[in-house]
Structures are given as C-alpha cells and as structure tokens.
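As provided, run-v2.pdb (PDB, C-alpha atoms) reads as follows.
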ATOM      1  CA  MET A  30     -54.976 -45.651  -2.642
ATOM      2  CA  SER A  31     -56.667 -43.827   0.175
ATOM      3  CA  THR A  32     -56.974 -40.111  -0.152
ATOM      4  CA  ALA A  33     -57.400 -39.761   3.583
ATOM      5  CA  THR A  34     -53.756 -38.804   3.792
ATOM      6  CA  GLU A  35     -54.259 -35.800   1.531
ATOM      7  CA  GLN A  36     -53.244 -32.608   3.196
ATOM      8  CA  HIS A  37     -54.760 -29.305   2.253
ATOM      9  CA  ASP A  38     -52.974 -26.118   3.112
ATOM     10  CA  THR A  39     -55.501 -23.805   4.652
ATOM     11  CA  HIS A  40     -53.148 -20.860   5.026
ATOM     12  CA  GLY A  41     -53.760 -19.783   1.443
ATOM     13  CA  ASP A  42     -50.212 -18.561   0.990
ATOM     14  CA  GLU A  43     -48.576 -18.369  -2.421
ATOM     15  CA  HIS A  44     -46.930 -21.757  -2.094
ATOM     16  CA  ALA A  45     -49.982 -23.703  -1.000
ATOM     17  CA  GLU A  46     -49.424 -27.338  -1.947
ATOM     18  CA  HIS A  47     -52.073 -29.961  -2.393
ATOM     19  CA  GLY A  48     -50.631 -33.411  -2.207
ATOM     20  CA  LEU A  49     -50.038 -36.359   0.055
ATOM     21  CA  THR A  50     -48.205 -36.636   3.330
ATOM     22  CA  ASP A  51     -44.755 -38.262   3.348
ATOM     23  CA  LEU A  52     -46.366 -41.475   4.607
ATOM     24  CA  GLY A  53     -48.782 -41.366   1.679
ATOM     25  CA  TYR A  54     -45.855 -41.124  -0.768
ATOM     26  CA  ILE A  55     -44.091 -44.050   0.940
ATOM     27  CA  LYS A  56     -47.282 -46.159   0.625
ATOM     28  CA  ILE A  57     -47.456 -45.371  -3.090
ATOM     29  CA  ALA A  58     -43.763 -46.253  -3.560
ATOM     30  CA  ILE A  59     -44.359 -49.633  -1.833
ATOM     31  CA  PHE A  60     -47.394 -50.199  -4.076
ATOM     32  CA  LEU A  61     -45.275 -49.403  -7.167
ATOM     33  CA  ALA A  62     -42.520 -51.764  -5.993
ATOM     34  CA  VAL A  63     -45.080 -54.555  -5.508
ATOM     35  CA  ILE A  64     -46.481 -53.980  -9.015
ATOM     36  CA  THR A  65     -42.922 -54.138 -10.411
ATOM     37  CA  ALA A  66     -42.417 -57.472  -8.625
ATOM     38  CA  VAL A  67     -45.708 -58.766 -10.085
ATOM     39  CA  GLU A  68     -44.553 -57.663 -13.560
ATOM     40  CA  VAL A  69     -41.332 -59.657 -13.167
ATOM     41  CA  VAL A  70     -43.331 -62.716 -12.003
ATOM     42  CA  PHE A  71     -45.529 -62.250 -15.107
ATOM     43  CA  SER A  72     -42.449 -62.374 -17.356
ATOM     44  CA  TYR A  73     -41.413 -65.733 -15.830
ATOM     45  CA  THR A  74     -44.919 -67.264 -16.009
ATOM     46  CA  GLN A  75     -45.702 -66.253 -19.558
ATOM     47  CA  GLU A  76     -46.676 -69.767 -20.709
ATOM     48  CA  GLN A  77     -49.031 -70.358 -17.774
ATOM     49  CA  LEU A  78     -50.710 -66.977 -18.263
ATOM     50  CA  GLY A  79     -51.285 -67.546 -21.975
ATOM     51  CA  ALA A  80     -53.408 -64.840 -23.623
ATOM     52  CA  ALA A  81     -53.621 -62.846 -20.372
ATOM     53  CA  PHE A  82     -49.854 -62.235 -20.357
ATOM     54  CA  LEU A  83     -49.585 -59.232 -22.694
ATOM     55  CA  PRO A  84     -52.748 -57.326 -21.641
ATOM     56  CA  GLY A  85     -51.911 -57.988 -17.977
ATOM     57  CA  LEU A  86     -48.394 -56.641 -18.344
ATOM     58  CA  LEU A  87     -49.596 -53.558 -20.250
ATOM     59  CA  ILE A  88     -52.263 -52.832 -17.608
ATOM     60  CA  LEU A  89     -49.674 -53.079 -14.795
ATOM     61  CA  MET A  90     -47.370 -50.755 -16.752
ATOM     62  CA  ALA A  91     -50.195 -48.236 -17.241
ATOM     63  CA  VAL A  92     -51.096 -48.360 -13.526
ATOM     64  CA  LYS A  93     -47.458 -47.582 -12.572
ATOM     65  CA  PHE A  94     -47.238 -44.840 -15.224
ATOM     66  CA  PHE A  95     -50.355 -43.015 -14.026
ATOM     67  CA  MET A  96     -49.600 -43.504 -10.318
ATOM     68  CA  VAL A  97     -46.276 -41.659 -10.737
ATOM     69  CA  LEU A  98     -47.873 -39.049 -12.985
ATOM     70  CA  LEU A  99     -50.883 -38.346 -10.767
ATOM     71  CA  TYR A 100     -49.338 -38.596  -7.296
ATOM     72  CA  PHE A 101     -45.554 -38.079  -7.491
ATOM     73  CA  MET A 102     -45.859 -35.429 -10.220
ATOM     74  CA  HIS A 103     -48.939 -33.933  -8.510
ATOM     75  CA  LEU A 104     -51.082 -33.856 -11.669
ATOM     76  CA  LYS A 105     -54.059 -35.057  -9.600
ATOM     77  CA  PHE A 106     -53.809 -32.013  -7.369
ATOM     78  CA  ASP A 107     -52.503 -29.359  -9.797
ATOM     79  CA  SER A 108     -54.191 -27.174 -12.401
ATOM     80  CA  LYS A 109     -55.839 -28.992 -15.308
ATOM     81  CA  LEU A 110     -53.791 -26.812 -17.676
ATOM     82  CA  PHE A 111     -50.607 -28.670 -16.644
ATOM     83  CA  SER A 112     -52.362 -31.976 -17.344
ATOM     84  CA  LEU A 113     -53.489 -30.648 -20.714
ATOM     85  CA  MET A 114     -49.929 -29.646 -21.700
ATOM     86  CA  PHE A 115     -48.630 -33.127 -20.933
ATOM     87  CA  TYR A 116     -51.553 -35.133 -22.308
ATOM     88  CA  ILE A 117     -51.427 -33.209 -25.615
ATOM     89  CA  GLY A 118     -47.793 -34.293 -26.078
ATOM     90  CA  MET A 119     -48.530 -37.838 -24.920
ATOM     91  CA  THR A 120     -51.606 -38.217 -27.160
ATOM     92  CA  LEU A 121     -49.700 -36.831 -30.152
ATOM     93  CA  ALA A 122     -46.866 -39.282 -29.496
ATOM     94  CA  VAL A 123     -49.135 -42.317 -29.033
ATOM     95  CA  GLY A 124     -51.296 -41.424 -32.050
ATOM     96  CA  CYS A 125     -48.422 -40.511 -34.337
ATOM     97  CA  TYR A 126     -46.336 -43.600 -33.569
ATOM     98  CA  ALA A 127     -49.338 -45.969 -33.569
ATOM     99  CA  VAL A 128     -50.014 -44.849 -37.148
ATOM    100  CA  PHE A 129     -46.284 -45.153 -37.932
ATOM    101  CA  LEU A 130     -46.183 -48.726 -36.616
ATOM    102  CA  ALA A 131     -49.466 -49.647 -38.305
ATOM    103  CA  THR A 132     -48.170 -48.329 -41.625
ATOM    104  CA  LEU A 133     -45.154 -50.617 -41.316
ATOM    105  CA  HIS A 134     -47.454 -53.598 -40.499
ATOM    106  CA  PHE A 135     -46.075 -53.930 -36.937
ATOM    107  CA  PHE A 136     -49.392 -55.014 -35.418
ATOM    108  CA  GLN A 137     -49.936 -57.737 -38.017
ATOM    109  CA  SER A 138     -46.763 -59.506 -36.937
TER     110      SER A 138
ATOM    111  CA  MET B  24     -60.359   2.033 -18.051
ATOM    112  CA  ALA B  25     -58.581   2.391 -14.735
ATOM    113  CA  ASP B  26     -61.667   1.070 -12.916
ATOM    114  CA  THR B  27     -61.768  -1.926 -15.225
ATOM    115  CA  ALA B  28     -58.135  -2.694 -14.479
ATOM    116  CA  VAL B  29     -58.751  -2.531 -10.748
ATOM    117  CA  HIS B  30     -61.763  -4.871 -10.980
ATOM    118  CA  ALA B  31     -59.822  -7.269 -13.172
ATOM    119  CA  ASP B  32     -57.105  -7.402 -10.526
ATOM    120  CA  ASP B  33     -59.711  -8.154  -7.876
ATOM    121  CA  HIS B  34     -60.566 -11.366  -9.687
ATOM    122  CA  VAL B  35     -56.996 -12.617  -9.461
ATOM    123  CA  ASP B  36     -56.791 -15.293  -6.782
ATOM    124  CA  HIS B  37     -54.545 -14.222  -3.914
ATOM    125  CA  GLY B  38     -52.775 -17.608  -3.927
ATOM    126  CA  ALA B  39     -52.078 -17.464  -7.652
ATOM    127  CA  HIS B  40     -49.055 -16.301  -9.612
ATOM    128  CA  HIS B  41     -49.208 -12.905 -11.302
ATOM    129  CA  THR B  42     -49.472 -14.307 -14.813
ATOM    130  CA  SER B  43     -52.296 -14.278 -17.371
ATOM    131  CA  THR B  44     -53.182 -17.862 -16.410
ATOM    132  CA  GLY B  45     -52.695 -17.399 -12.672
ATOM    133  CA  LEU B  46     -50.199 -20.276 -12.877
ATOM    134  CA  SER B  47     -46.438 -20.390 -12.791
ATOM    135  CA  ASN B  48     -45.064 -19.894 -16.309
ATOM    136  CA  ASN B  49     -41.966 -21.914 -15.365
ATOM    137  CA  LYS B  50     -44.085 -24.885 -14.348
ATOM    138  CA  LEU B  51     -46.240 -24.575 -17.457
ATOM    139  CA  ALA B  52     -43.085 -24.501 -19.596
ATOM    140  CA  MET B  53     -41.740 -27.597 -17.811
ATOM    141  CA  TRP B  54     -44.970 -29.514 -18.504
ATOM    142  CA  MET B  55     -44.833 -28.427 -22.169
ATOM    143  CA  PHE B  56     -41.222 -29.620 -22.320
ATOM    144  CA  LEU B  57     -42.171 -32.970 -20.793
ATOM    145  CA  GLY B  58     -45.048 -33.256 -23.280
ATOM    146  CA  SER B  59     -42.570 -32.714 -26.130
ATOM    147  CA  GLU B  60     -40.240 -35.313 -24.595
ATOM    148  CA  CYS B  61     -43.068 -37.858 -25.040
ATOM    149  CA  LEU B  62     -42.598 -37.421 -28.789
ATOM    150  CA  LEU B  63     -38.837 -38.037 -28.541
ATOM    151  CA  PHE B  64     -39.126 -41.189 -26.437
ATOM    152  CA  GLY B  65     -42.226 -42.317 -28.352
ATOM    153  CA  GLY B  66     -40.136 -42.275 -31.530
ATOM    154  CA  LEU B  67     -37.259 -44.178 -29.931
ATOM    155  CA  ILE B  68     -39.548 -46.810 -28.350
ATOM    156  CA  SER B  69     -41.485 -47.278 -31.624
ATOM    157  CA  THR B  70     -38.241 -47.701 -33.575
ATOM    158  CA  TYR B  71     -37.055 -50.308 -31.074
ATOM    159  CA  MET B  72     -40.386 -52.180 -31.271
ATOM    160  CA  LEU B  73     -40.078 -52.230 -35.053
ATOM    161  CA  TYR B  74     -36.492 -53.508 -35.105
ATOM    162  CA  ARG B  75     -36.361 -55.765 -32.036
ATOM    163  CA  GLY B  76     -36.695 -58.873 -34.184
ATOM    164  CA  ARG B  77     -33.904 -57.860 -36.590
ATOM    165  CA  HIS B  78     -30.875 -59.638 -35.108
ATOM    166  CA  SER B  79     -28.726 -62.723 -35.569
ATOM    167  CA  ALA B  80     -29.916 -66.000 -34.074
ATOM    168  CA  ASN B  81     -27.648 -65.978 -30.999
ATOM    169  CA  LEU B  82     -27.632 -62.260 -30.100
ATOM    170  CA  GLY B  83     -31.266 -61.346 -29.614
ATOM    171  CA  PRO B  84     -33.097 -59.927 -26.581
ATOM    172  CA  ASP B  85     -33.946 -63.360 -25.183
ATOM    173  CA  GLN B  86     -30.252 -64.340 -25.154
ATOM    174  CA  VAL B  87     -28.732 -61.186 -23.651
ATOM    175  CA  TRP B  88     -31.300 -59.799 -21.184
ATOM    176  CA  ASP B  89     -30.606 -60.249 -17.485
ATOM    177  CA  ILE B  90     -34.096 -59.659 -16.046
ATOM    178  CA  PRO B  91     -33.183 -59.962 -12.312
ATOM    179  CA  PHE B  92     -30.416 -57.348 -12.746
ATOM    180  CA  THR B  93     -32.623 -54.955 -14.739
ATOM    181  CA  SER B  94     -35.443 -55.447 -12.221
ATOM    182  CA  ALA B  95     -33.083 -54.370  -9.427
ATOM    183  CA  SER B  96     -32.077 -51.298 -11.486
ATOM    184  CA  SER B  97     -35.761 -50.474 -12.037
ATOM    185  CA  PHE B  98     -36.395 -50.757  -8.306
ATOM    186  CA  VAL B  99     -33.499 -48.351  -7.614
ATOM    187  CA  LEU B 100     -34.908 -45.766 -10.058
ATOM    188  CA  LEU B 101     -38.413 -46.196  -8.631
ATOM    189  CA  MET B 102     -37.088 -45.542  -5.113
ATOM    190  CA  SER B 103     -35.267 -42.436  -6.396
ATOM    191  CA  SER B 104     -38.701 -41.083  -7.334
ATOM    192  CA  LEU B 105     -39.774 -41.565  -3.720
ATOM    193  CA  THR B 106     -36.711 -39.728  -2.380
ATOM    194  CA  MET B 107     -37.311 -36.942  -4.936
ATOM    195  CA  VAL B 108     -40.908 -36.461  -3.820
ATOM    196  CA  LEU B 109     -39.683 -36.388  -0.200
ATOM    197  CA  ALA B 110     -37.225 -33.631  -1.223
ATOM    198  CA  VAL B 111     -40.095 -31.621  -2.746
ATOM    199  CA  SER B 112     -42.146 -32.217   0.406
ATOM    200  CA  SER B 113     -39.229 -31.015   2.591
ATOM    201  CA  ALA B 114     -38.758 -27.929   0.389
ATOM    202  CA  ASN B 115     -42.451 -27.086   0.832
ATOM    203  CA  ARG B 116     -41.876 -27.138   4.604
ATOM    204  CA  ASP B 117     -38.823 -24.822   4.196
ATOM    205  CA  ASP B 118     -36.680 -27.640   5.598
ATOM    206  CA  ASP B 119     -33.403 -27.002   3.741
ATOM    207  CA  ARG B 120     -31.471 -29.692   5.586
ATOM    208  CA  ASN B 121     -33.819 -32.528   4.595
ATOM    209  CA  THR B 122     -34.297 -31.075   1.112
ATOM    210  CA  LYS B 123     -30.530 -31.308   0.504
ATOM    211  CA  LEU B 124     -30.416 -34.769   2.096
ATOM    212  CA  TRP B 125     -33.210 -36.212  -0.101
ATOM    213  CA  LEU B 126     -31.871 -34.512  -3.242
ATOM    214  CA  SER B 127     -28.439 -36.064  -2.562
ATOM    215  CA  VAL B 128     -29.968 -39.514  -1.960
ATOM    216  CA  THR B 129     -31.923 -39.136  -5.227
ATOM    217  CA  ALA B 130     -28.724 -38.260  -7.104
ATOM    218  CA  LEU B 131     -26.965 -41.229  -5.490
ATOM    219  CA  LEU B 132     -29.726 -43.652  -6.516
ATOM    220  CA  GLY B 133     -29.658 -42.142 -10.016
ATOM    221  CA  ALA B 134     -25.892 -42.684 -10.167
ATOM    222  CA  LEU B 135     -26.409 -46.302  -9.057
ATOM    223  CA  PHE B 136     -28.898 -46.773 -11.891
ATOM    224  CA  VAL B 137     -26.490 -45.266 -14.455
ATOM    225  CA  ALA B 138     -23.659 -47.455 -13.100
ATOM    226  CA  GLY B 139     -25.923 -50.463 -13.603
ATOM    227  CA  GLN B 140     -26.628 -49.370 -17.155
ATOM    228  CA  VAL B 141     -22.902 -48.958 -17.890
ATOM    229  CA  TYR B 142     -22.304 -52.463 -16.485
ATOM    230  CA  GLU B 143     -25.136 -53.852 -18.618
ATOM    231  CA  PHE B 144     -23.835 -52.160 -21.791
ATOM    232  CA  THR B 145     -20.293 -53.429 -21.087
ATOM    233  CA  THR B 146     -21.582 -56.985 -20.580
ATOM    234  CA  PHE B 147     -23.553 -56.868 -23.840
ATOM    235  CA  TYR B 148     -20.513 -55.535 -25.704
ATOM    236  CA  ARG B 149     -18.316 -58.351 -24.333
ATOM    237  CA  GLU B 150     -20.927 -60.851 -25.488
ATOM    238  CA  GLY B 151     -20.567 -59.405 -29.004
ATOM    239  CA  LEU B 152     -23.545 -57.037 -29.054
ATOM    240  CA  GLY B 153     -22.131 -53.711 -30.304
ATOM    241  CA  PHE B 154     -23.978 -50.596 -31.442
ATOM    242  CA  THR B 155     -23.734 -51.578 -35.123
ATOM    243  CA  THR B 156     -24.129 -55.351 -34.704
ATOM    244  CA  SER B 157     -27.779 -55.348 -35.785
ATOM    245  CA  LEU B 158     -30.825 -53.095 -36.157
ATOM    246  CA  PHE B 159     -31.993 -54.497 -32.808
ATOM    247  CA  SER B 160     -28.776 -53.486 -31.019
ATOM    248  CA  SER B 161     -28.680 -50.015 -32.636
ATOM    249  CA  SER B 162     -32.264 -49.222 -31.648
ATOM    250  CA  PHE B 163     -31.782 -50.712 -28.160
ATOM    251  CA  PHE B 164     -28.568 -48.771 -27.385
ATOM    252  CA  THR B 165     -30.049 -45.556 -28.808
ATOM    253  CA  LEU B 166     -33.224 -45.827 -26.711
ATOM    254  CA  THR B 167     -31.621 -46.838 -23.410
ATOM    255  CA  GLY B 168     -28.609 -44.569 -24.067
ATOM    256  CA  PHE B 169     -30.873 -41.525 -24.506
ATOM    257  CA  HIS B 170     -32.628 -42.444 -21.283
ATOM    258  CA  GLY B 171     -29.276 -42.852 -19.509
ATOM    259  CA  VAL B 172     -28.197 -39.402 -20.725
ATOM    260  CA  HIS B 173     -31.420 -37.945 -19.311
ATOM    261  CA  VAL B 174     -30.716 -39.583 -15.935
ATOM    262  CA  SER B 175     -27.101 -38.307 -16.018
ATOM    263  CA  VAL B 176     -28.258 -34.753 -16.801
ATOM    264  CA  GLY B 177     -30.727 -35.089 -13.917
ATOM    265  CA  ILE B 178     -27.938 -36.117 -11.530
ATOM    266  CA  ILE B 179     -25.854 -33.076 -12.539
ATOM    267  CA  MET B 180     -28.914 -30.848 -12.055
ATOM    268  CA  LEU B 181     -29.639 -32.350  -8.625
ATOM    269  CA  MET B 182     -26.059 -31.948  -7.390
ATOM    270  CA  SER B 183     -25.983 -28.358  -8.713
ATOM    271  CA  LEU B 184     -29.224 -27.659  -6.859
ATOM    272  CA  VAL B 185     -27.799 -29.079  -3.614
ATOM    273  CA  GLY B 186     -24.780 -26.769  -4.021
ATOM    274  CA  MET B 187     -26.986 -23.766  -4.802
ATOM    275  CA  ILE B 188     -29.234 -24.401  -1.771
ATOM    276  CA  SER B 189     -26.135 -24.771   0.458
ATOM    277  CA  LYS B 190     -24.775 -21.421  -0.736
ATOM    278  CA  ASN B 191     -28.254 -19.841  -0.736
ATOM    279  CA  LYS B 192     -27.881 -18.973  -4.415
ATOM    280  CA  VAL B 193     -31.158 -20.323  -5.748
ATOM    281  CA  VAL B 194     -32.674 -17.724  -8.061
ATOM    282  CA  GLY B 195     -36.419 -17.255  -7.625
ATOM    283  CA  ASP B 196     -38.791 -19.385  -5.599
ATOM    284  CA  LYS B 197     -36.771 -22.227  -4.053
ATOM    285  CA  LYS B 198     -39.837 -24.468  -3.579
ATOM    286  CA  GLU B 199     -40.790 -24.112  -7.198
ATOM    287  CA  VAL B 200     -37.237 -24.785  -8.404
ATOM    288  CA  VAL B 201     -37.110 -28.030  -6.391
ATOM    289  CA  GLU B 202     -40.553 -28.991  -7.735
ATOM    290  CA  LEU B 203     -39.458 -28.343 -11.356
ATOM    291  CA  PHE B 204     -36.367 -30.531 -10.883
ATOM    292  CA  GLY B 205     -38.683 -33.133  -9.351
ATOM    293  CA  LEU B 206     -40.976 -33.095 -12.391
ATOM    294  CA  TYR B 207     -38.007 -33.752 -14.685
ATOM    295  CA  TRP B 208     -36.780 -36.588 -12.472
ATOM    296  CA  HIS B 209     -40.194 -38.253 -12.212
ATOM    297  CA  PHE B 210     -40.570 -38.050 -15.986
ATOM    298  CA  VAL B 211     -37.289 -39.925 -16.412
ATOM    299  CA  ASP B 212     -38.713 -42.573 -14.048
ATOM    300  CA  VAL B 213     -42.003 -42.702 -15.978
ATOM    301  CA  VAL B 214     -40.099 -43.297 -19.231
ATOM    302  CA  TRP B 215     -38.179 -46.152 -17.597
ATOM    303  CA  ILE B 216     -41.486 -47.722 -16.466
ATOM    304  CA  LEU B 217     -42.412 -47.931 -20.170
ATOM    305  CA  ILE B 218     -38.950 -49.126 -21.290
ATOM    306  CA  PHE B 219     -38.764 -51.802 -18.592
ATOM    307  CA  THR B 220     -42.052 -53.383 -19.656
ATOM    308  CA  LEU B 221     -41.978 -52.836 -23.424
ATOM    309  CA  VAL B 222     -38.271 -53.574 -23.983
ATOM    310  CA  TYR B 223     -37.278 -56.044 -21.255
ATOM    311  CA  LEU B 224     -40.405 -57.912 -20.104
ATOM    312  CA  ILE B 225     -42.295 -58.410 -23.371
ATOM    313  CA  PRO B 226     -40.390 -61.042 -25.355
ATOM    314  CA  ALA B 227     -39.437 -60.372 -28.951
TER     315      ALA B 227
END
Just dump the structure as structure tokens.
Amino acid sequence: MSTATEQHDTHGDEHAEHGLTDLGYIKIAIFLAVITAVEVVFSYTQEQLGAAFLPGLLILMAVKFFMVLLYFMHLKFDSKLFSLMFYIGMTLAVGCYAVFLATLHFFQS
Amino acid sequence: MADTAVHADDHVDHGAHHTSTGLSNNKLAMWMFLGSECLLFGGLISTYMLYRGRHSANLGPDQVWDIPFTSASSFVLLMSSLTMVLAVSSANRDDDRNTKLWLSVTALLGALFVAGQVYEFTTFYREGLGFTTSLFSSSFFTLTGFHGVHVSVGIIMLMSLVGMISKNKVVGDKKEVVELFGLYWHFVDVVWILIFTLVYLIPA
C-alpha cells in the first residue's frame, strides 16, 4: 500500500495526527474486502489447493490482521510504546495457548 | 534543584502530553486493555480449536456453517472499521457533523452484524445445535457470544458518544475520546478476522 497518501501535520499542535488520508483508508478497506473474498474462494477450492490451503489461508488472515492494526489502529504511525503494550499481550496469548494446545496434543491431530 | 526542574521541562516535546512518558495515559491504558483482551480471546479460540471435533455426526461445523452468510457479516464488520476510521479522521478535523454521522453509521453496521449473529444462532438452535449439545457447540457459542457482547457494548458506547458530542458533554479531549472508542472497535474487528478464518473457513 502506497504511503504517498500519508499526511503529516506540520502545525505541531497537541493533536498532531500521523496517518492516512480518507482516500488512503478507503483503499485499505477495499484491499481488505478483496482479501476476504480470496479467503472465501480458498475455502471452496480446498481440494484443488491441496497443501497450500492452510498456510495460504493463515497468511491472508495475518495480512488482514496487521493491516487493520497498523493502519486503522494507527500503530504504524504512533509511539512504539503503544505497540509494545499490545504485542506483549498478543505474544503472551500466542505463546501461552500454543503451549496449552501442544500439551493436549492438538498439533499432532 | 529548581534549575534542574526547569531544564527537565525544556526537554518535554511541545506536542506531547504532560505525562512521564510524554504520551496520553488514557491511550496507553487502552492499548494495555486491548493487550489483555488478546489473552481472553486467545483462550476462547484455543478452547474452540481443541473441541471443534467433539460433536455428533450430523451436527458438526461442516453441516451447520453457512459460509456465504458469514462472509457477508464479515464484510459488514470490516466496512464498520472503515466508517470508524473516517469518524476518527473527521474528529481530528474538528468536524463534529461528520464525526457523528460516521459514528452512527458504524453503530448501524455493528447492529447489522449482531442481528446477523442472532439470526445465525437462532438457525443453529432450530437445527438442534444448542449450547449444551456438544463440546463443539459450547465452545463455539461461548467464543462467538463473547465477541457479540463486545460488539454490542461497542454499539452502546458509540451511540452514547454521538449523544455526548451532540450535547457537547464530552469530558476531556474529544479527538482522543473518539480515537479511544475507535481502537476498541477496530480490536473487535481484528478478533473477528481471526474467528472468521480459524472457526469458519478452516474445516474441522
């Protein structure tokens, strides 16, 4: 996604916002909608895709997840401390529940 | 000592908040809250993944899911994220009229999503899939129900915010309040992105 639409407030006031223009947000929403459509197509062509089905679907999901997080939630433009607060919780959750599922032999099935 | 204090103040960025981090404490707290919510939904998603195969032969995910309907619901929630970010953008321009408009549209799209979820739950129940039918159904209804409650709380928050902006009763920085509501709403959307793929699109 082009960052040419990024707008930088040069007034330096207290509410300076670094983000995209409205058109930039609309472009991202269209991109997300297209990815969702591709995901649905994936689910109907599972047999043709074979081994690529699951990794492909998970990659598309991750792309959507981080697009919303970075652009709509402004993490790309905000302080790294906000990112840290969220990623700590997310990493704890992923790590904790991956171990939980592994302990119960989920990945072997 | 006094000199030191003055010099320390000089280092504070003029565009920053007057906090020890130079950042808004409210926004930091919201991000910490959202980080903790990852643990809640992580637990619910993991439990569903573990139990999704524990059902009777004719009432499993592959028999009850209606992918086209759920895809339409997902699209509605995704578009509500767009309208929410447009509300935040309008608030940053001090455009109260468009802020209220986009917040209302976001709430409306959220309500449409919840209505879809109620319809889906009702359909499943009529097909014989109740909360206690199987471990699959219990974990599914708990996960999607918790998400639905989050969306419903978000709708109430959005409508309250519209009312508060109309009556000029927003306490504190209006732009920041709208942004904080936006963060909560986008998080609810992000969680649905995970649920849609992991629960609905990946077959059991």
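Pairwise distance (atom CA of Leu83 of chain A, atom CA of Met72 of chain B) equals 14.4 Å.
Restricting the calculation to all atoms listed in the file, the smallest distance between Asp89 of chain B and any of A:Ile88, A:Val69, A:Ile59, A:Leu52 is found for A:Val69.
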Target residues per the PyMOL selection byres ((chain B) within 7 of (chain A)), formatted as a VMD selection string: chain B and resid 38 to 39 51 54 to 55 57 to 59 61 to 62 65 to 66 69 73 98 102 105 108 to 109 206 209 213 216 to 217 220 224
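What separates atom CA of Leu166 of chain B from atom CA of Pro84 of chain A is a distance of 23.2 Å.
Taking atom CA of Ile68 of chain B as the reference point, atom CA of Gly168 of chain B is found at 12.0 Å.
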Please give the centre and size of the box around segment 85-93 of chain A (axis-aligned, containing every atom listed in the file, 4 Å added per side), with values in Å to one decimal and written as AutoDock Vina command-line options.
--center_x -49.8 --center_y -52.8 --center_z -16.4 --size_x 12.9 --size_y 18.4 --size_z 15.7
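The protein and nucleic acid residues lying at most 12 Å from Val176 of chain B are Ala130, Gly133, Ala134, Val137, Phe169, His170, Met182, Ser183, Phe204, Tyr207, Trp208 and Val211 of chain B, with all atoms listed in the file considered and sequence neighbours fewer than 6 positions away removed.
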Result set, the PyMOL selection byres ((chain B and resi 223) around 9) on current file, as number ranges by chain: B: 84-85, 88-90, 93, 218-222, 224-226
Could you write out the selected residues, including C-alpha atoms, as an mmCIF file, in the coordinates of the input?
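Dumped everything to out.cif:
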data_model
loop_
_atom_site.group_PDB
_atom_site.id
_atom_site.type_symbol
_atom_site.label_atom_id
_atom_site.label_comp_id
_atom_site.auth_asym_id
_atom_site.auth_seq_id
_atom_site.Cartn_x
_atom_site.Cartn_y
_atom_site.Cartn_z
ATOM 1 C CA PRO B 84 -33.097 -59.927 -26.581
ATOM 2 C CA ASP B 85 -33.946 -63.360 -25.183
ATOM 3 C CA TRP B 88 -31.300 -59.799 -21.184
ATOM 4 C CA ASP B 89 -30.606 -60.249 -17.485
ATOM 5 C CA ILE B 90 -34.096 -59.659 -16.046
ATOM 6 C CA THR B 93 -32.623 -54.955 -14.739
ATOM 7 C CA ILE B 218 -38.950 -49.126 -21.290
ATOM 8 C CA PHE B 219 -38.764 -51.802 -18.592
ATOM 9 C CA THR B 220 -42.052 -53.383 -19.656
ATOM 10 C CA LEU B 221 -41.978 -52.836 -23.424
ATOM 11 C CA VAL B 222 -38.271 -53.574 -23.983
ATOM 12 C CA LEU B 224 -40.405 -57.912 -20.104
ATOM 13 C CA ILE B 225 -42.295 -58.410 -23.371
ATOM 14 C CA PRO B 226 -40.390 -61.042 -25.355
#
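Compared by their closest atoms to Thr106 of chain B, and using all atoms listed in the file, the residues B:Phe210, B:Phe136, B:Phe163, B:Trp125 rank with B:Trp125 nearest.
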Residue members of the PyMOL selection byres ((chain B and resi 111) around 8) in the file shown, as an MDAnalysis selection string: chainID B and resid 107:110 112:115 122 198 201:202 205
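Between Leu131 of chain B and the residues B:Ser189, B:Lys197, B:Leu203, B:Gly177, the shortest atom-to-atom distance, using all atoms listed in the file, involves B:Gly177.
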